[in-house]
Amino acid sequence: MHNFRVLVVDDETDFVETIVNRLNKRMLDAKGVESGEAAVDLLKHELFDVVLLDIKMPGGMDGIETLREIKRLQPLAEVLLLTGHASVETSIEGMKLGAFDYLLKPMKFDDLLMKMAQAFEKKAAHDKKIRDAKIHELTRYPSRVFDQD
């Protein structure tokens, strides 16, 4: 599995700690927070490839509000929605807002890893297309870069 950065967002402290520890043991760079607000604050300062986001979080921002902010701040980050409650409407709304997929809790850890790897591959492919387009532009129009003072 490739090394990529993961943010786990869930109001259940034990869940966050367990997932982050298991991801770190697999040499993934994982961090966890327990609210949508904390996720947004962290995303303003650090880049993540994949975000595991609980849909139902009591109090402040719920998962859908947090998803909107994630996509505003880091549009290329792939978001996997997590729900303990099979809410089809909310999951569909999340997919329309750009979530990669949604998973029902509890899930097998290997299934989670596989879905995260798929999300990262999608992000990596998108990143490569952007880099290739920039390189193509540089080689086609080098004066745009070198003639600027």
# chains A, B, ... in the order shown; residues from 1 in each chain; ligands from 1
>>> residues_around(residues="segment 110-114 of chain A", least_positions_apart="3", cutoff="10 Å", atoms="only C-alpha atoms", output="list in words")
Met1, Ile19, Leu23, Arg26, Leu52, Leu80, Leu103, Met107, Ala117, Gln118, Ala119 and Phe120 of chain A
>>> select_by_dssp(residues="segment 51-120 of chain A", states="helix (DSSP H, G or I)", output="compact mmCIF listing (two decimals) with all heavy atoms, in the first residue's frame")
# COMPACT_ATOMS: atom_id res chain seq x y z
N GLY A 63 -21.50 15.79 9.55
CA GLY A 63 -20.61 15.30 8.49
C GLY A 63 -20.82 15.98 7.15
O GLY A 63 -19.86 16.23 6.42
N ILE A 64 -22.06 16.27 6.80
CA ILE A 64 -22.34 16.90 5.50
C ILE A 64 -21.80 18.32 5.46
O ILE A 64 -21.17 18.72 4.47
CB ILE A 64 -23.86 16.85 5.19
CG1 ILE A 64 -24.33 15.39 5.05
CG2 ILE A 64 -24.18 17.66 3.94
CD1 ILE A 64 -23.66 14.60 3.93
N GLU A 65 -21.99 19.08 6.54
CA GLU A 65 -21.41 20.44 6.59
C GLU A 65 -19.89 20.37 6.52
O GLU A 65 -19.25 21.17 5.83
CB GLU A 65 -21.81 21.13 7.90
CG GLU A 65 -23.26 21.50 8.02
CD GLU A 65 -23.53 22.07 9.40
OE1 GLU A 65 -23.29 23.29 9.59
OE2 GLU A 65 -23.96 21.31 10.29
N THR A 66 -19.32 19.41 7.23
CA THR A 66 -17.86 19.25 7.24
C THR A 66 -17.37 18.87 5.84
O THR A 66 -16.36 19.39 5.37
CB THR A 66 -17.45 18.19 8.27
OG1 THR A 66 -17.98 18.56 9.55
CG2 THR A 66 -15.94 18.08 8.38
N LEU A 67 -18.09 17.98 5.16
CA LEU A 67 -17.73 17.59 3.80
C LEU A 67 -17.69 18.80 2.88
O LEU A 67 -16.75 18.96 2.08
CB LEU A 67 -18.72 16.55 3.26
CG LEU A 67 -18.59 16.17 1.79
CD1 LEU A 67 -17.22 15.57 1.48
CD2 LEU A 67 -19.70 15.20 1.40
N ARG A 68 -18.68 19.67 2.98
CA ARG A 68 -18.68 20.89 2.14
C ARG A 68 -17.41 21.71 2.38
O ARG A 68 -16.80 22.21 1.42
CB ARG A 68 -19.91 21.74 2.47
CG ARG A 68 -21.17 21.27 1.85
CD ARG A 68 -22.30 22.30 2.03
NE ARG A 68 -23.53 21.80 1.47
CZ ARG A 68 -24.51 21.26 2.19
NH1 ARG A 68 -24.42 21.17 3.50
NH2 ARG A 68 -25.60 20.82 1.59
N GLU A 69 -17.03 21.87 3.65
CA GLU A 69 -15.84 22.66 3.97
C GLU A 69 -14.56 21.96 3.51
O GLU A 69 -13.63 22.61 3.03
CB GLU A 69 -15.78 22.96 5.47
CG GLU A 69 -16.70 24.08 5.88
CD GLU A 69 -16.37 25.39 5.16
OE1 GLU A 69 -15.24 25.90 5.31
OE2 GLU A 69 -17.24 25.90 4.45
N ILE A 70 -14.51 20.64 3.65
CA ILE A 70 -13.34 19.89 3.18
C ILE A 70 -13.15 20.12 1.69
O ILE A 70 -12.04 20.41 1.22
CB ILE A 70 -13.49 18.39 3.48
CG1 ILE A 70 -13.40 18.12 4.99
CG2 ILE A 70 -12.42 17.57 2.73
CD1 ILE A 70 -13.80 16.71 5.40
N LYS A 71 -14.22 19.99 0.93
CA LYS A 71 -14.13 20.15 -0.53
C LYS A 71 -13.81 21.59 -0.92
O LYS A 71 -13.20 21.83 -1.96
CB LYS A 71 -15.42 19.67 -1.20
CG LYS A 71 -15.55 18.16 -1.19
CD LYS A 71 -14.38 17.55 -1.94
CE LYS A 71 -14.45 16.06 -2.09
NZ LYS A 71 -13.32 15.55 -2.88
N ARG A 72 -14.19 22.55 -0.09
CA ARG A 72 -13.85 23.95 -0.35
C ARG A 72 -12.36 24.18 -0.08
O ARG A 72 -11.65 24.82 -0.87
CB ARG A 72 -14.69 24.88 0.52
CG ARG A 72 -14.49 26.37 0.22
CD ARG A 72 -15.31 27.25 1.13
NE ARG A 72 -14.87 27.20 2.51
CZ ARG A 72 -13.79 27.84 2.99
NH1 ARG A 72 -13.03 28.54 2.19
NH2 ARG A 72 -13.47 27.75 4.27
N LEU A 73 -11.86 23.62 1.03
CA LEU A 73 -10.47 23.84 1.43
C LEU A 73 -9.48 22.98 0.65
O LEU A 73 -8.40 23.44 0.29
CB LEU A 73 -10.31 23.55 2.93
CG LEU A 73 -11.01 24.51 3.88
CD1 LEU A 73 -11.01 23.95 5.30
CD2 LEU A 73 -10.34 25.88 3.84
N VAL A 88 -29.68 6.40 3.72
CA VAL A 88 -29.46 6.44 2.29
C VAL A 88 -29.50 7.88 1.77
O VAL A 88 -28.65 8.29 0.98
CB VAL A 88 -30.51 5.57 1.55
CG1 VAL A 88 -30.37 5.71 0.05
CG2 VAL A 88 -30.37 4.12 1.97
N GLU A 89 -30.45 8.68 2.26
CA GLU A 89 -30.58 10.06 1.78
C GLU A 89 -29.32 10.87 2.06
O GLU A 89 -28.81 11.58 1.20
CB GLU A 89 -31.79 10.76 2.42
CG GLU A 89 -33.12 10.13 2.10
CD GLU A 89 -33.46 8.91 2.96
OE1 GLU A 89 -32.86 8.73 4.04
OE2 GLU A 89 -34.31 8.12 2.53
N THR A 90 -28.82 10.76 3.28
CA THR A 90 -27.63 11.52 3.66
C THR A 90 -26.42 11.03 2.87
O THR A 90 -25.60 11.84 2.43
CB THR A 90 -27.36 11.38 5.17
OG1 THR A 90 -28.54 11.78 5.87
CG2 THR A 90 -26.21 12.24 5.61
N SER A 91 -26.32 9.73 2.68
CA SER A 91 -25.19 9.19 1.92
C SER A 91 -25.23 9.66 0.48
O SER A 91 -24.21 10.01 -0.10
CB SER A 91 -25.21 7.66 1.99
OG SER A 91 -25.10 7.24 3.32
N ILE A 92 -26.42 9.69 -0.12
CA ILE A 92 -26.56 10.17 -1.50
C ILE A 92 -26.19 11.65 -1.57
O ILE A 92 -25.48 12.08 -2.49
CB ILE A 92 -27.99 9.93 -2.02
CG1 ILE A 92 -28.20 8.43 -2.23
CG2 ILE A 92 -28.25 10.71 -3.30
CD1 ILE A 92 -29.63 8.03 -2.55
N GLU A 93 -26.64 12.43 -0.59
CA GLU A 93 -26.28 13.86 -0.56
C GLU A 93 -24.77 14.01 -0.49
O GLU A 93 -24.17 14.84 -1.18
CB GLU A 93 -26.95 14.55 0.62
CG GLU A 93 -26.66 16.04 0.67
CD GLU A 93 -27.31 16.74 1.86
OE1 GLU A 93 -28.03 16.08 2.64
OE2 GLU A 93 -27.07 17.95 2.01
N GLY A 94 -24.13 13.20 0.35
CA GLY A 94 -22.67 13.25 0.46
C GLY A 94 -21.98 12.90 -0.83
O GLY A 94 -20.99 13.54 -1.22
N MET A 95 -22.50 11.92 -1.55
CA MET A 95 -21.90 11.54 -2.83
C MET A 95 -22.06 12.68 -3.83
O MET A 95 -21.14 12.97 -4.60
CB MET A 95 -22.55 10.26 -3.36
CG MET A 95 -22.37 9.05 -2.46
SD MET A 95 -20.68 8.53 -2.25
CE MET A 95 -20.39 7.79 -3.83
N LYS A 96 -23.20 13.35 -3.82
CA LYS A 96 -23.41 14.50 -4.72
C LYS A 96 -22.45 15.64 -4.41
O LYS A 96 -22.08 16.40 -5.29
CB LYS A 96 -24.86 14.99 -4.62
CG LYS A 96 -25.86 14.09 -5.29
CD LYS A 96 -27.27 14.64 -5.15
CE LYS A 96 -28.30 13.73 -5.79
NZ LYS A 96 -29.68 14.23 -5.58
N PHE A 109 -11.65 -3.99 9.06
CA PHE A 109 -10.53 -3.08 8.86
C PHE A 109 -9.90 -3.27 7.48
O PHE A 109 -9.53 -2.29 6.83
CB PHE A 109 -9.49 -3.24 9.97
CG PHE A 109 -8.44 -2.17 9.95
CD1 PHE A 109 -8.75 -0.86 10.30
CD2 PHE A 109 -7.15 -2.45 9.56
CE1 PHE A 109 -7.80 0.14 10.26
CE2 PHE A 109 -6.19 -1.46 9.52
CZ PHE A 109 -6.52 -0.16 9.87
N ASP A 110 -9.79 -4.51 7.02
CA ASP A 110 -9.22 -4.75 5.69
C ASP A 110 -10.08 -4.13 4.59
O ASP A 110 -9.55 -3.63 3.60
CB ASP A 110 -9.04 -6.25 5.44
CG ASP A 110 -7.88 -6.83 6.24
OD1 ASP A 110 -7.01 -6.05 6.69
OD2 ASP A 110 -7.85 -8.06 6.42
N ASP A 111 -11.40 -4.16 4.77
CA ASP A 111 -12.29 -3.51 3.80
C ASP A 111 -12.08 -2.00 3.80
O ASP A 111 -12.08 -1.36 2.75
CB ASP A 111 -13.76 -3.83 4.10
CG ASP A 111 -14.09 -5.30 3.89
OD1 ASP A 111 -13.31 -6.00 3.20
OD2 ASP A 111 -15.13 -5.75 4.42
N LEU A 112 -11.90 -1.44 4.99
CA LEU A 112 -11.63 0.00 5.11
C LEU A 112 -10.32 0.34 4.41
O LEU A 112 -10.26 1.31 3.64
CB LEU A 112 -11.58 0.41 6.58
CG LEU A 112 -11.20 1.86 6.85
CD1 LEU A 112 -12.22 2.82 6.26
CD2 LEU A 112 -11.05 2.08 8.36
N LEU A 113 -9.28 -0.45 4.65
CA LEU A 113 -7.99 -0.21 4.00
C LEU A 113 -8.11 -0.27 2.48
O LEU A 113 -7.53 0.56 1.77
CB LEU A 113 -6.95 -1.23 4.47
CG LEU A 113 -6.39 -1.04 5.87
CD1 LEU A 113 -5.47 -2.21 6.22
CD2 LEU A 113 -5.66 0.28 6.01
N MET A 114 -8.85 -1.25 1.98
CA MET A 114 -9.01 -1.39 0.54
C MET A 114 -9.73 -0.16 -0.03
O MET A 114 -9.32 0.39 -1.06
CB MET A 114 -9.81 -2.65 0.21
CG MET A 114 -9.98 -2.89 -1.27
SD MET A 114 -10.99 -4.34 -1.63
CE MET A 114 -12.60 -3.72 -1.13
N LYS A 115 -10.78 0.30 0.63
CA LYS A 115 -11.54 1.45 0.15
C LYS A 115 -10.67 2.71 0.21
O LYS A 115 -10.71 3.55 -0.70
CB LYS A 115 -12.80 1.62 0.98
CG LYS A 115 -13.82 2.54 0.39
CD LYS A 115 -14.27 2.14 -1.00
CE LYS A 115 -15.28 1.05 -0.99
NZ LYS A 115 -15.91 0.84 -2.31
N MET A 116 -9.86 2.84 1.27
CA MET A 116 -8.97 3.99 1.37
C MET A 116 -7.92 3.97 0.26
O MET A 116 -7.61 5.02 -0.31
CB MET A 116 -8.29 4.00 2.75
CG MET A 116 -9.22 4.37 3.86
SD MET A 116 -8.49 4.20 5.51
CE MET A 116 -6.87 4.84 5.28
N ALA A 117 -7.39 2.79 -0.05
CA ALA A 117 -6.41 2.67 -1.13
C ALA A 117 -7.03 3.07 -2.47
O ALA A 117 -6.40 3.76 -3.27
CB ALA A 117 -5.86 1.25 -1.19
N GLN A 118 -8.28 2.67 -2.70
CA GLN A 118 -8.97 3.05 -3.93
C GLN A 118 -9.16 4.57 -3.99
O GLN A 118 -8.96 5.18 -5.06
CB GLN A 118 -10.33 2.36 -4.02
CG GLN A 118 -10.25 0.87 -4.23
CD GLN A 118 -11.60 0.18 -4.06
OE1 GLN A 118 -12.57 0.77 -3.61
NE2 GLN A 118 -11.64 -1.10 -4.40
N ALA A 119 -9.52 5.16 -2.87
CA ALA A 119 -9.71 6.62 -2.82
C ALA A 119 -8.38 7.32 -3.10
O ALA A 119 -8.32 8.30 -3.86
CB ALA A 119 -10.27 7.04 -1.46
N PHE A 120 -7.30 6.82 -2.49
CA PHE A 120 -5.99 7.43 -2.72
C PHE A 120 -5.57 7.29 -4.18
O PHE A 120 -5.03 8.23 -4.77
CB PHE A 120 -4.92 6.83 -1.82
CG PHE A 120 -3.55 7.34 -2.13
CD1 PHE A 120 -3.21 8.65 -1.84
CD2 PHE A 120 -2.62 6.54 -2.77
CE1 PHE A 120 -1.96 9.16 -2.17
CE2 PHE A 120 -1.37 7.03 -3.10
CZ PHE A 120 -1.04 8.34 -2.79
>>> residues_around(residues="segment 27-35 of chain A", least_positions_apart="4", cutoff="12 Å", atoms="only C-alpha atoms", output="JSON, numbers by chain")
{"A": [1, 2, 3, 4, 5, 6, 7, 8, 9, 10, 11, 12, 13, 14, 15, 16, 17, 18, 19, 20, 21, 22, 23, 39, 40, 41, 42, 43, 46, 47, 48, 49, 50, 51, 52, 53, 54, 55, 56, 57, 58, 59, 60, 61, 62, 63, 65, 66, 67, 113, 116, 117, 120]}
>>> write_last_selection(atoms="N, CA and C atoms", output="compact mmCIF listing (two decimals), in the first residue's frame")
# COMPACT_ATOMS: atom_id res chain seq x y z
N MET A 1 0.85 -1.19 0.00
CA MET A 1 0.00 0.00 0.00
C MET A 1 0.89 1.24 0.00
N HIS A 2 0.48 2.24 -0.75
CA HIS A 2 1.22 3.49 -0.80
C HIS A 2 1.09 4.22 0.52
N ASN A 3 2.08 5.06 0.81
CA ASN A 3 2.02 5.88 2.01
C ASN A 3 1.24 7.15 1.66
N PHE A 4 0.16 7.40 2.38
CA PHE A 4 -0.61 8.60 2.14
C PHE A 4 -1.13 9.13 3.47
N ARG A 5 -1.60 10.36 3.44
CA ARG A 5 -2.05 11.04 4.65
C ARG A 5 -3.55 10.87 4.83
N VAL A 6 -3.94 10.49 6.04
CA VAL A 6 -5.34 10.22 6.35
C VAL A 6 -5.76 11.07 7.55
N LEU A 7 -6.94 11.66 7.45
CA LEU A 7 -7.55 12.35 8.57
C LEU A 7 -8.82 11.59 8.95
N VAL A 8 -8.92 11.21 10.23
CA VAL A 8 -10.09 10.51 10.74
C VAL A 8 -10.90 11.50 11.57
N VAL A 9 -12.17 11.67 11.21
CA VAL A 9 -13.05 12.64 11.89
C VAL A 9 -14.27 11.88 12.41
N ASP A 10 -14.35 11.77 13.74
CA ASP A 10 -15.46 11.04 14.35
C ASP A 10 -15.59 11.51 15.79
N ASP A 11 -16.84 11.63 16.27
CA ASP A 11 -17.05 12.10 17.63
C ASP A 11 -16.76 11.02 18.68
N GLU A 12 -16.56 9.77 18.26
CA GLU A 12 -16.25 8.68 19.19
C GLU A 12 -14.74 8.59 19.38
N THR A 13 -14.26 9.04 20.54
CA THR A 13 -12.83 9.10 20.82
C THR A 13 -12.15 7.74 20.65
N ASP A 14 -12.75 6.69 21.19
CA ASP A 14 -12.14 5.36 21.09
C ASP A 14 -11.99 4.92 19.64
N PHE A 15 -13.00 5.19 18.82
CA PHE A 15 -12.95 4.84 17.41
C PHE A 15 -11.80 5.57 16.72
N VAL A 16 -11.71 6.88 16.95
CA VAL A 16 -10.64 7.69 16.33
C VAL A 16 -9.27 7.15 16.72
N GLU A 17 -9.06 6.94 18.02
CA GLU A 17 -7.75 6.47 18.50
C GLU A 17 -7.41 5.10 17.92
N THR A 18 -8.38 4.20 17.89
CA THR A 18 -8.13 2.85 17.37
C THR A 18 -7.76 2.89 15.90
N ILE A 19 -8.54 3.60 15.11
CA ILE A 19 -8.28 3.66 13.66
C ILE A 19 -6.94 4.34 13.38
N VAL A 20 -6.69 5.46 14.02
CA VAL A 20 -5.42 6.17 13.81
C VAL A 20 -4.24 5.28 14.17
N ASN A 21 -4.31 4.59 15.31
CA ASN A 21 -3.21 3.70 15.71
C ASN A 21 -3.01 2.57 14.70
N ARG A 22 -4.09 1.97 14.25
CA ARG A 22 -3.97 0.87 13.29
C ARG A 22 -3.43 1.35 11.94
N LEU A 23 -3.81 2.54 11.52
CA LEU A 23 -3.29 3.10 10.27
C LEU A 23 -1.80 3.43 10.40
N ALA A 39 -11.65 19.37 12.40
CA ALA A 39 -11.18 18.92 11.09
C ALA A 39 -10.91 20.11 10.18
N VAL A 40 -11.85 21.04 10.14
CA VAL A 40 -11.69 22.22 9.29
C VAL A 40 -10.47 23.03 9.71
N ASP A 41 -10.27 23.22 11.02
CA ASP A 41 -9.09 23.94 11.50
C ASP A 41 -7.81 23.26 11.05
N LEU A 42 -7.75 21.94 11.18
CA LEU A 42 -6.55 21.20 10.79
C LEU A 42 -6.33 21.26 9.27
N LEU A 43 -7.40 21.16 8.51
CA LEU A 43 -7.29 21.19 7.04
C LEU A 43 -6.83 22.55 6.51
N GLU A 46 -2.84 21.71 7.14
CA GLU A 46 -2.19 20.49 6.69
C GLU A 46 -2.97 19.87 5.54
N LEU A 47 -2.23 19.23 4.62
CA LEU A 47 -2.86 18.55 3.48
C LEU A 47 -3.08 17.08 3.81
N PHE A 48 -4.22 16.56 3.36
CA PHE A 48 -4.54 15.14 3.54
C PHE A 48 -4.99 14.59 2.20
N ASP A 49 -4.70 13.31 1.99
CA ASP A 49 -5.11 12.64 0.77
C ASP A 49 -6.51 12.05 0.91
N VAL A 50 -6.77 11.43 2.06
CA VAL A 50 -8.03 10.75 2.31
C VAL A 50 -8.56 11.18 3.67
N VAL A 51 -9.87 11.43 3.73
CA VAL A 51 -10.52 11.78 4.99
C VAL A 51 -11.61 10.75 5.27
N LEU A 52 -11.56 10.16 6.46
CA LEU A 52 -12.64 9.28 6.94
C LEU A 52 -13.52 10.17 7.80
N LEU A 53 -14.77 10.35 7.39
CA LEU A 53 -15.64 11.34 8.02
C LEU A 53 -16.95 10.72 8.47
N ASP A 54 -17.20 10.80 9.77
CA ASP A 54 -18.47 10.34 10.33
C ASP A 54 -19.56 11.30 9.90
N ILE A 55 -20.69 10.78 9.45
CA ILE A 55 -21.79 11.63 9.02
C ILE A 55 -22.52 12.23 10.21
N LYS A 56 -22.78 11.42 11.23
CA LYS A 56 -23.57 11.87 12.39
C LYS A 56 -22.64 12.25 13.53
N MET A 57 -22.50 13.55 13.74
CA MET A 57 -21.72 14.04 14.88
C MET A 57 -22.58 15.06 15.61
N PRO A 58 -22.83 14.81 16.90
CA PRO A 58 -23.69 15.73 17.65
C PRO A 58 -23.00 17.07 17.90
N GLY A 59 -23.81 18.06 18.17
CA GLY A 59 -23.24 19.37 18.49
C GLY A 59 -23.08 20.21 17.25
N GLY A 60 -21.88 20.70 17.03
CA GLY A 60 -21.58 21.64 15.96
C GLY A 60 -21.83 21.12 14.56
N MET A 61 -20.80 21.10 13.75
CA MET A 61 -20.91 20.71 12.34
C MET A 61 -21.17 19.21 12.21
N ASP A 62 -22.15 18.86 11.39
CA ASP A 62 -22.34 17.44 11.11
C ASP A 62 -21.43 17.05 9.94
N GLY A 63 -21.50 15.79 9.55
CA GLY A 63 -20.61 15.30 8.49
C GLY A 63 -20.82 15.98 7.15
N GLU A 65 -21.99 19.08 6.54
CA GLU A 65 -21.41 20.44 6.59
C GLU A 65 -19.89 20.37 6.52
N THR A 66 -19.32 19.41 7.23
CA THR A 66 -17.86 19.25 7.24
C THR A 66 -17.37 18.87 5.84
N LEU A 67 -18.09 17.98 5.16
CA LEU A 67 -17.73 17.59 3.80
C LEU A 67 -17.69 18.80 2.88
N LEU A 113 -9.28 -0.45 4.65
CA LEU A 113 -7.99 -0.21 4.00
C LEU A 113 -8.11 -0.27 2.48
N MET A 116 -9.86 2.84 1.27
CA MET A 116 -8.97 3.99 1.37
C MET A 116 -7.92 3.97 0.26
N ALA A 117 -7.39 2.79 -0.05
CA ALA A 117 -6.41 2.67 -1.13
C ALA A 117 -7.03 3.07 -2.47
N PHE A 120 -7.30 6.82 -2.49
CA PHE A 120 -5.99 7.43 -2.72
C PHE A 120 -5.57 7.29 -4.18
>>> closest_atom_pairs(of="segment 61-94 of chain A", to="segment 123-145 of chain A", cutoff="12 Å", atoms="only C-alpha atoms", output="JSON lines")
{"residue": "A:Gln74", "atom": "CA", "partner": "A:Lys123", "partner_atom": "CA", "distance": 11.3}
{"residue": "A:Pro75", "atom": "CA", "partner": "A:Lys123", "partner_atom": "CA", "distance": 10.0}
{"residue": "A:Leu76", "atom": "CA", "partner": "A:Lys123", "partner_atom": "CA", "distance": 6.3}
{"residue": "A:Ala77", "atom": "CA", "partner": "A:Lys123", "partner_atom": "CA", "distance": 6.8}
{"residue": "A:Glu78", "atom": "CA", "partner": "A:Lys123", "partner_atom": "CA", "distance": 6.5}
{"residue": "A:Val79", "atom": "CA", "partner": "A:Lys123", "partner_atom": "CA", "distance": 10.2}
>>> write_last_selection(atoms="C-alpha atoms", output="PDB file, in the first residue's frame")
ATOM      1  CA  GLN A  74      -8.941  20.772  -0.228  1.00  0.00           C
ATOM      2  CA  PRO A  75     -10.994  19.853  -3.295  1.00  0.00           C
ATOM      3  CA  LEU A  76      -8.714  16.970  -4.286  1.00  0.00           C
ATOM      4  CA  ALA A  77      -8.931  15.208  -0.916  1.00  0.00           C
ATOM      5  CA  GLU A  78     -11.028  12.063  -1.206  1.00  0.00           C
ATOM      6  CA  VAL A  79     -13.639  11.663   1.516  1.00  0.00           C
TER       7      VAL A  79
END
>>> atom_distance(atom1="atom CA of Gly36 of chain A", atom2="atom CA of Leu82 of chain A")
13.3 Å
>>> select_by_dssp(residues="chain A", states="strand (DSSP E or B)", output="mmCIF file with C-alpha atoms, in the first residue's frame")
data_model
loop_
_atom_site.group_PDB
_atom_site.id
_atom_site.type_symbol
_atom_site.label_atom_id
_atom_site.label_comp_id
_atom_site.auth_asym_id
_atom_site.auth_seq_id
_atom_site.Cartn_x
_atom_site.Cartn_y
_atom_site.Cartn_z
ATOM 1 C CA ARG A 5 -2.051 11.036 4.653
ATOM 2 C CA VAL A 6 -5.337 10.225 6.349
ATOM 3 C CA LEU A 7 -7.552 12.349 8.575
ATOM 4 C CA VAL A 8 -10.092 10.507 10.745
ATOM 5 C CA VAL A 9 -13.047 12.636 11.889
ATOM 6 C CA ASP A 29 0.418 9.062 8.231
ATOM 7 C CA ALA A 30 -2.880 9.313 10.113
ATOM 8 C CA LYS A 31 -4.289 11.944 12.438
ATOM 9 C CA GLY A 32 -7.625 12.094 14.171
ATOM 10 C CA VAL A 33 -10.004 14.754 15.424
ATOM 11 C CA VAL A 50 -8.033 10.748 2.309
ATOM 12 C CA VAL A 51 -10.523 11.784 4.992
ATOM 13 C CA LEU A 52 -12.640 9.285 6.940
ATOM 14 C CA LEU A 53 -15.639 11.338 8.016
ATOM 15 C CA ASP A 54 -18.467 10.336 10.327
ATOM 16 C CA GLU A 78 -11.028 12.063 -1.206
ATOM 17 C CA VAL A 79 -13.639 11.663 1.516
ATOM 18 C CA LEU A 80 -15.055 8.375 2.752
ATOM 19 C CA LEU A 81 -18.248 8.885 4.720
ATOM 20 C CA LEU A 82 -18.765 6.647 7.747
ATOM 21 C CA THR A 83 -22.143 5.980 9.243
ATOM 22 C CA ASP A 101 -17.962 6.519 -1.098
ATOM 23 C CA TYR A 102 -19.702 5.693 2.140
ATOM 24 C CA LEU A 103 -19.184 2.802 4.535
ATOM 25 C CA LEU A 104 -21.383 1.370 7.260
#
